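This is final_28.cif (mmCIF, C-alpha atoms).
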data_query
loop_
_atom_site.group_PDB
_atom_site.id
_atom_site.type_symbol
_atom_site.label_atom_id
_atom_site.label_comp_id
_atom_site.auth_asym_id
_atom_site.auth_seq_id
_atom_site.Cartn_x
_atom_site.Cartn_y
_atom_site.Cartn_z
ATOM 1 C CA MET A 1 -37.021 -42.748 31.305
ATOM 2 C CA SER A 2 -38.996 -44.098 28.424
ATOM 3 C CA HIS A 3 -41.022 -41.452 26.657
ATOM 4 C CA ILE A 4 -42.800 -38.144 27.011
ATOM 5 C CA SER A 5 -45.936 -37.182 25.144
ATOM 6 C CA THR A 6 -47.989 -34.010 25.138
ATOM 7 C CA ALA A 7 -51.654 -33.845 24.245
ATOM 8 C CA LYS A 8 -54.707 -31.655 23.962
ATOM 9 C CA THR A 9 -57.703 -32.860 25.940
ATOM 10 C CA GLN A 10 -61.226 -33.278 24.640
ATOM 11 C CA ILE A 11 -64.128 -34.241 26.881
ATOM 12 C CA LYS A 12 -67.245 -35.920 25.513
ATOM 13 C CA GLN A 13 -69.787 -37.991 27.425
ATOM 14 C CA PRO A 14 -68.072 -37.375 30.768
ATOM 15 C CA ASP A 15 -68.695 -39.711 33.671
ATOM 16 C CA PRO A 16 -71.563 -38.062 35.614
ATOM 17 C CA ASN A 17 -70.256 -38.935 39.079
ATOM 18 C CA LEU A 18 -66.747 -37.757 38.269
ATOM 19 C CA LEU A 19 -68.105 -34.542 36.761
ATOM 20 C CA ARG A 20 -70.152 -33.820 39.878
ATOM 21 C CA ARG A 21 -67.079 -34.460 42.044
ATOM 22 C CA ALA A 22 -65.040 -32.056 39.888
ATOM 23 C CA VAL A 23 -67.687 -29.341 40.193
ATOM 24 C CA GLU A 24 -67.906 -29.890 43.964
ATOM 25 C CA LEU A 25 -64.140 -29.566 44.303
ATOM 26 C CA VAL A 26 -64.007 -26.378 42.236
ATOM 27 C CA ALA A 27 -66.929 -24.869 44.128
ATOM 28 C CA GLY A 28 -65.236 -25.706 47.416
ATOM 29 C CA GLN A 29 -61.890 -24.264 46.347
ATOM 30 C CA GLN A 30 -63.602 -21.053 45.271
ATOM 31 C CA LEU A 31 -65.701 -20.773 48.460
ATOM 32 C CA GLY A 32 -68.830 -21.378 46.446
ATOM 33 C CA GLU A 33 -71.536 -24.042 46.414
ATOM 34 C CA VAL A 34 -73.093 -26.652 44.171
ATOM 35 C CA THR A 35 -76.785 -26.239 43.444
ATOM 36 C CA GLY A 36 -79.559 -27.634 41.282
ATOM 37 C CA TYR A 37 -80.295 -24.315 39.582
ATOM 38 C CA TYR A 38 -78.796 -21.158 38.142
ATOM 39 C CA LEU A 39 -80.324 -17.692 37.738
ATOM 40 C CA ASP A 40 -81.259 -16.281 34.348
ATOM 41 C CA TRP A 41 -80.926 -12.652 33.235
ATOM 42 C CA ASN A 42 -84.091 -11.822 35.188
ATOM 43 C CA MET A 43 -82.761 -13.566 38.319
ATOM 44 C CA ARG A 44 -85.306 -16.341 37.887
ATOM 45 C CA LYS A 45 -84.276 -19.839 38.989
ATOM 46 C CA GLN A 46 -83.676 -22.293 36.192
ATOM 47 C CA GLN A 47 -83.594 -25.870 37.420
ATOM 48 C CA THR A 48 -80.709 -28.022 36.179
ATOM 49 C CA PRO A 49 -79.089 -31.208 37.474
ATOM 50 C CA LEU A 50 -75.723 -29.603 38.197
ATOM 51 C CA ALA A 51 -74.739 -25.975 38.723
ATOM 52 C CA LEU A 52 -72.430 -23.945 40.892
ATOM 53 C CA PHE A 53 -72.233 -20.497 42.372
ATOM 54 C CA VAL A 54 -68.973 -18.825 43.346
ATOM 55 C CA PRO A 55 -68.243 -15.295 44.523
ATOM 56 C CA ASN A 56 -68.366 -12.857 41.581
ATOM 57 C CA LEU A 57 -70.590 -15.277 39.660
ATOM 58 C CA LYS A 58 -73.818 -14.390 41.350
ATOM 59 C CA ARG A 59 -76.136 -15.856 38.737
ATOM 60 C CA GLY A 60 -74.328 -19.158 38.782
ATOM 61 C CA MET A 61 -73.389 -21.543 36.006
ATOM 62 C CA ALA A 62 -75.025 -24.781 34.905
ATOM 63 C CA VAL A 63 -72.732 -27.625 33.888
ATOM 64 C CA VAL A 64 -74.555 -29.784 31.374
ATOM 65 C CA VAL A 65 -73.806 -32.493 28.848
ATOM 66 C CA ASP A 66 -75.433 -31.992 25.470
ATOM 67 C CA PRO A 67 -77.682 -35.045 25.021
ATOM 68 C CA THR A 68 -77.073 -35.105 21.271
ATOM 69 C CA THR A 69 -73.336 -34.486 20.984
ATOM 70 C CA GLY A 70 -72.183 -35.475 24.479
ATOM 71 C CA GLU A 71 -70.204 -32.250 24.712
ATOM 72 C CA LEU A 72 -69.668 -30.523 28.017
ATOM 73 C CA GLN A 73 -71.426 -27.174 28.091
ATOM 74 C CA PHE A 74 -71.590 -24.282 30.524
ATOM 75 C CA VAL A 75 -74.862 -22.418 30.626
ATOM 76 C CA GLY A 76 -75.887 -19.166 32.290
ATOM 77 C CA ASP A 77 -76.128 -15.422 31.951
ATOM 78 C CA PHE A 78 -72.483 -14.475 31.818
ATOM 79 C CA TYR A 79 -72.894 -10.821 30.884
ATOM 80 C CA GLY A 80 -70.055 -8.845 32.450
ATOM 81 C CA VAL A 81 -68.404 -11.853 34.109
ATOM 82 C CA GLN A 82 -66.673 -13.574 31.190
ATOM 83 C CA PRO A 83 -63.205 -13.646 32.834
ATOM 84 C CA ILE A 84 -64.418 -15.454 35.951
ATOM 85 C CA VAL A 85 -66.564 -17.759 33.788
ATOM 86 C CA ALA A 86 -63.532 -18.684 31.686
ATOM 87 C CA GLU A 87 -61.503 -19.332 34.818
ATOM 88 C CA ILE A 88 -64.171 -21.556 36.390
ATOM 89 C CA GLN A 89 -64.703 -23.476 33.145
ATOM 90 C CA GLY A 90 -60.958 -24.098 32.916
ATOM 91 C CA LEU A 91 -60.814 -25.262 36.521
ATOM 92 C CA ILE A 92 -63.699 -27.676 35.998
ATOM 93 C CA ILE A 93 -62.056 -29.165 32.897
ATOM 94 C CA GLN A 94 -58.680 -29.391 34.625
ATOM 95 C CA THR A 95 -60.178 -30.939 37.753
ATOM 96 C CA TYR A 96 -62.290 -33.432 35.791
ATOM 97 C CA THR A 97 -59.248 -34.451 33.741
ATOM 98 C CA SER A 98 -57.122 -34.773 36.880
ATOM 99 C CA LEU A 99 -59.705 -36.944 38.647
ATOM 100 C CA ALA A 100 -60.032 -39.144 35.566
ATOM 101 C CA VAL A 101 -56.263 -39.553 35.249
ATOM 102 C CA MET A 102 -55.981 -40.425 38.953
ATOM 103 C CA GLN A 103 -58.742 -43.010 38.590
ATOM 104 C CA ALA A 104 -57.179 -44.467 35.445
ATOM 105 C CA LEU A 105 -53.713 -44.715 36.977
ATOM 106 C CA ALA A 106 -55.123 -46.331 40.130
ATOM 107 C CA ALA A 107 -56.970 -48.861 37.947
ATOM 108 C CA GLN A 108 -53.617 -49.744 36.350
ATOM 109 C CA GLY A 109 -52.136 -50.479 39.773
ATOM 110 C CA TYR A 110 -50.266 -47.236 40.348
ATOM 111 C CA VAL A 111 -50.157 -45.558 43.738
ATOM 112 C CA VAL A 112 -51.088 -41.996 42.823
ATOM 113 C CA GLU A 113 -50.122 -38.725 44.450
ATOM 114 C CA ALA A 114 -51.433 -35.310 43.394
ATOM 115 C CA GLN A 115 -49.573 -32.048 43.847
ATOM 116 C CA GLU A 116 -50.044 -28.499 42.658
ATOM 117 C CA GLY A 117 -47.451 -27.535 40.086
ATOM 118 C CA THR A 118 -46.345 -24.167 38.827
ATOM 119 C CA ASP A 119 -48.727 -21.844 36.975
ATOM 120 C CA GLY A 120 -51.793 -23.609 38.308
ATOM 121 C CA GLN A 121 -50.848 -27.009 36.899
ATOM 122 C CA MET A 122 -51.847 -30.259 38.570
ATOM 123 C CA VAL A 123 -49.082 -32.867 38.758
ATOM 124 C CA LEU A 124 -50.182 -36.464 39.221
ATOM 125 C CA THR A 125 -47.498 -39.028 39.899
ATOM 126 C CA GLY A 126 -48.251 -42.733 39.734
ATOM 127 C CA VAL A 127 -45.724 -45.279 40.976
ATOM 128 C CA THR A 128 -45.858 -49.049 40.609
ATOM 129 C CA TYR A 129 -43.389 -51.842 41.257
ATOM 130 C CA ALA A 130 -45.336 -54.381 39.182
ATOM 131 C CA MET B 131 -36.888 -50.196 39.988
ATOM 132 C CA PRO B 132 -40.295 -48.476 40.078
ATOM 133 C CA LYS B 133 -42.277 -47.590 36.997
ATOM 134 C CA ILE B 134 -43.488 -44.031 37.113
ATOM 135 C CA ALA B 135 -46.208 -42.281 35.125
ATOM 136 C CA LYS B 136 -46.190 -38.542 35.706
ATOM 137 C CA VAL B 137 -49.098 -36.588 34.244
ATOM 138 C CA THR B 138 -49.152 -32.804 34.338
ATOM 139 C CA ILE B 139 -52.523 -31.205 33.613
ATOM 140 C CA GLY B 140 -52.468 -27.574 32.537
ATOM 141 C CA LYS B 141 -55.101 -24.964 33.298
ATOM 142 C CA ASP B 142 -56.527 -25.548 29.822
ATOM 143 C CA GLY B 143 -56.745 -29.300 30.392
ATOM 144 C CA SER B 144 -53.712 -30.034 28.207
ATOM 145 C CA ALA B 145 -51.622 -32.975 29.373
ATOM 146 C CA ARG B 146 -47.938 -33.835 29.488
ATOM 147 C CA ILE B 147 -47.393 -37.513 30.176
ATOM 148 C CA GLU B 148 -43.999 -38.850 31.122
ATOM 149 C CA PHE B 149 -43.208 -42.530 31.553
ATOM 150 C CA GLU B 150 -40.093 -43.487 33.454
ATOM 151 C CA GLY B 151 -38.462 -46.792 34.365
ATOM 152 C CA PHE B 152 -40.166 -48.913 31.710
ATOM 153 C CA GLU B 153 -38.228 -51.521 29.780
ATOM 154 C CA GLY B 154 -38.073 -51.262 26.023
ATOM 155 C CA ALA B 155 -41.396 -50.506 24.416
ATOM 156 C CA THR B 156 -43.590 -51.386 27.404
ATOM 157 C CA CYS B 157 -44.118 -47.673 28.026
ATOM 158 C CA LEU B 158 -46.065 -47.483 24.751
ATOM 159 C CA LYS B 159 -48.501 -50.122 25.979
ATOM 160 C CA ALA B 160 -48.815 -48.307 29.304
ATOM 161 C CA GLY B 161 -49.686 -45.142 27.395
ATOM 162 C CA ASP B 162 -52.247 -46.976 25.273
ATOM 163 C CA ASP B 163 -53.822 -48.523 28.374
ATOM 164 C CA LEU B 164 -54.058 -45.112 30.016
ATOM 165 C CA ASN B 165 -55.700 -43.656 26.900
ATOM 166 C CA THR B 166 -58.215 -46.524 26.816
ATOM 167 C CA LEU B 167 -59.222 -45.987 30.452
ATOM 168 C CA LEU B 168 -59.507 -42.226 29.972
ATOM 169 C CA ALA B 169 -61.692 -42.754 26.900
ATOM 170 C CA GLN B 170 -64.123 -44.683 29.103
ATOM 171 C CA MET B 171 -64.478 -41.491 31.139
ATOM 172 C CA GLY B 172 -65.040 -39.362 28.049
ATOM 173 C CA ILE B 173 -61.514 -38.027 27.677
ATOM 174 C CA THR B 174 -59.658 -38.116 24.390
ATOM 175 C CA LEU B 175 -56.014 -37.123 24.354
ATOM 176 C CA GLU B 176 -55.012 -35.727 20.981
ATOM 177 C CA GLN B 177 -51.247 -36.119 20.828
ATOM 178 C CA THR B 178 -49.361 -32.941 19.978
ATOM 179 C CA GLY B 179 -45.821 -34.062 20.764
ATOM 180 C CA PHE B 180 -43.715 -37.150 21.415
ATOM 181 C CA GLU B 181 -40.190 -37.594 22.685
ATOM 182 C CA ALA B 182 -38.667 -41.060 22.849
ATOM 183 C CA LYS B 183 -36.087 -41.808 25.517
ATOM 184 C CA PRO B 184 -32.992 -44.045 25.097
ATOM 185 C CA GLU B 185 -34.686 -47.279 26.217
ATOM 186 C CA LEU B 186 -37.435 -46.829 23.673
ATOM 187 C CA LEU B 187 -35.025 -45.915 20.889
ATOM 188 C CA ALA B 188 -33.023 -49.037 21.715
ATOM 189 C CA ALA B 189 -36.157 -51.157 21.407
ATOM 190 C CA GLU B 190 -36.846 -49.584 18.037
ATOM 191 C CA GLN B 191 -33.313 -50.297 16.833
ATOM 192 C CA ALA B 192 -33.587 -53.881 18.069
ATOM 193 C CA GLY B 193 -36.699 -54.302 15.926
ATOM 194 C CA GLU B 194 -38.990 -54.911 18.907
ATOM 195 C CA ILE B 195 -41.450 -52.243 17.748
ATOM 196 C CA ILE B 196 -42.580 -50.498 14.601
ATOM 197 C CA PRO B 197 -40.263 -47.557 13.873
ATOM 198 C CA LEU B 198 -41.465 -44.665 16.005
ATOM 199 C CA ARG B 199 -41.577 -42.145 13.180
ATOM 200 C CA GLN B 200 -44.020 -44.415 11.338
ATOM 201 C CA THR B 201 -46.113 -44.917 14.486
ATOM 202 C CA ILE B 202 -46.361 -41.203 15.122
ATOM 203 C CA ARG B 203 -47.398 -40.465 11.532
ATOM 204 C CA GLU B 204 -50.329 -42.863 11.927
#
Would you give me this structure, written as structure tokens?
Amino acid sequence: MSHISTAKTQIKQPDPNLLRRAVELVAGQQLGEVTGYYLDWNMRKQQTPLALFVPNLKRGMAVVVDPTTGELQFVGDFYGVQPIVAEIQGLIIQTYTSLAVMQALAAQGYVVEAQEGTDGQMVLTGVTYA
Amino acid sequence: MPKIAKVTIGKDGSARIEFEGFEGATCLKAGDDLNTLLAQMGITLEQTGFEAKPELLAAEQAGEIIPLRQTIRE
């Protein structure tokens, strides 16, 4: 063994295709769907490039990148559903990070395998003989 | 002997990265390369902890790399 490091993750200017894939995966896992809109407080459709609906989040959630700062933002009317919103946001960040790590390891020549760990963790193992 | 990079992503997106089977300080370069590729996808890993394993400590003692404590402070 060589070394172990731990790190906090920050996402800015995410890859659009990878972000969409992460949102699709989370929506699928949660028996929801990806859409091009969310519903505001008055249940009116608000168009947006990327949003998802899951059970118990009936007004949906837009996933947007701030054009000025590049920060990932989650937009919607979350009154009364903050716990599920926090859970979905966490899953999207975790899934995006996992997909990015898998892509990065593959680009370095590793053969990558993903497994679910304990406490909702994702464990990605890359192996190379190079 | 295979080289293994094991990355555990927590529910909050935090990461634990473990390199295994690397000779000397080559694991540090592997970590840097991984960080560079992740940065291209908008991910910055802000290191919160570091644990060197015997092979890496041996490389440090042999003078192959900058002392780890100094590297970490930077």
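The space separating atom CA of B:Leu168 from atom CA of A:Ala104 comes to 6.4 Å.
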* Structure fact -> For B:Arg146, the closest of A:Ser98, A:Gln46, A:Thr128, A:Gln29 counting only C-alpha atoms is A:Ser98
* May I ask which of the residues B:Gln191, B:Gly179, B:Gly143, B:Gly161 is the closest one to A:Thr97, counting all atoms listed in the file? =>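 Closest candidate: B:Gly143.
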* Could you list, as a ChimeraX atom specification, the residues of chain B having an atom within 6 Å of chain A when counting all atoms listed in the file? => /B:132-152,167,171-183,185-186
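Among A:Asp40, A:Asn56, A:Gly80, A:Val63, the residue with the shortest atom-to-atom distance to A:Glu24, counting all atoms listed in the file, is A:Val63.
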* To do: Would you list the residues near (-74.8, -24.5, 43.7) (no more than 10 Å away, in the coordinates of the file, using only C-alpha atoms) as a list in words?
  =>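 Here the neighbourhood of the point contains Val23, Glu24, Ala27, Gly32, Glu33, Val34, Thr35, Gly36, Tyr37, Tyr38, Leu50, Ala51, Leu52, Phe53, Val54, Gly60, Met61 and Ala62 of chain A.
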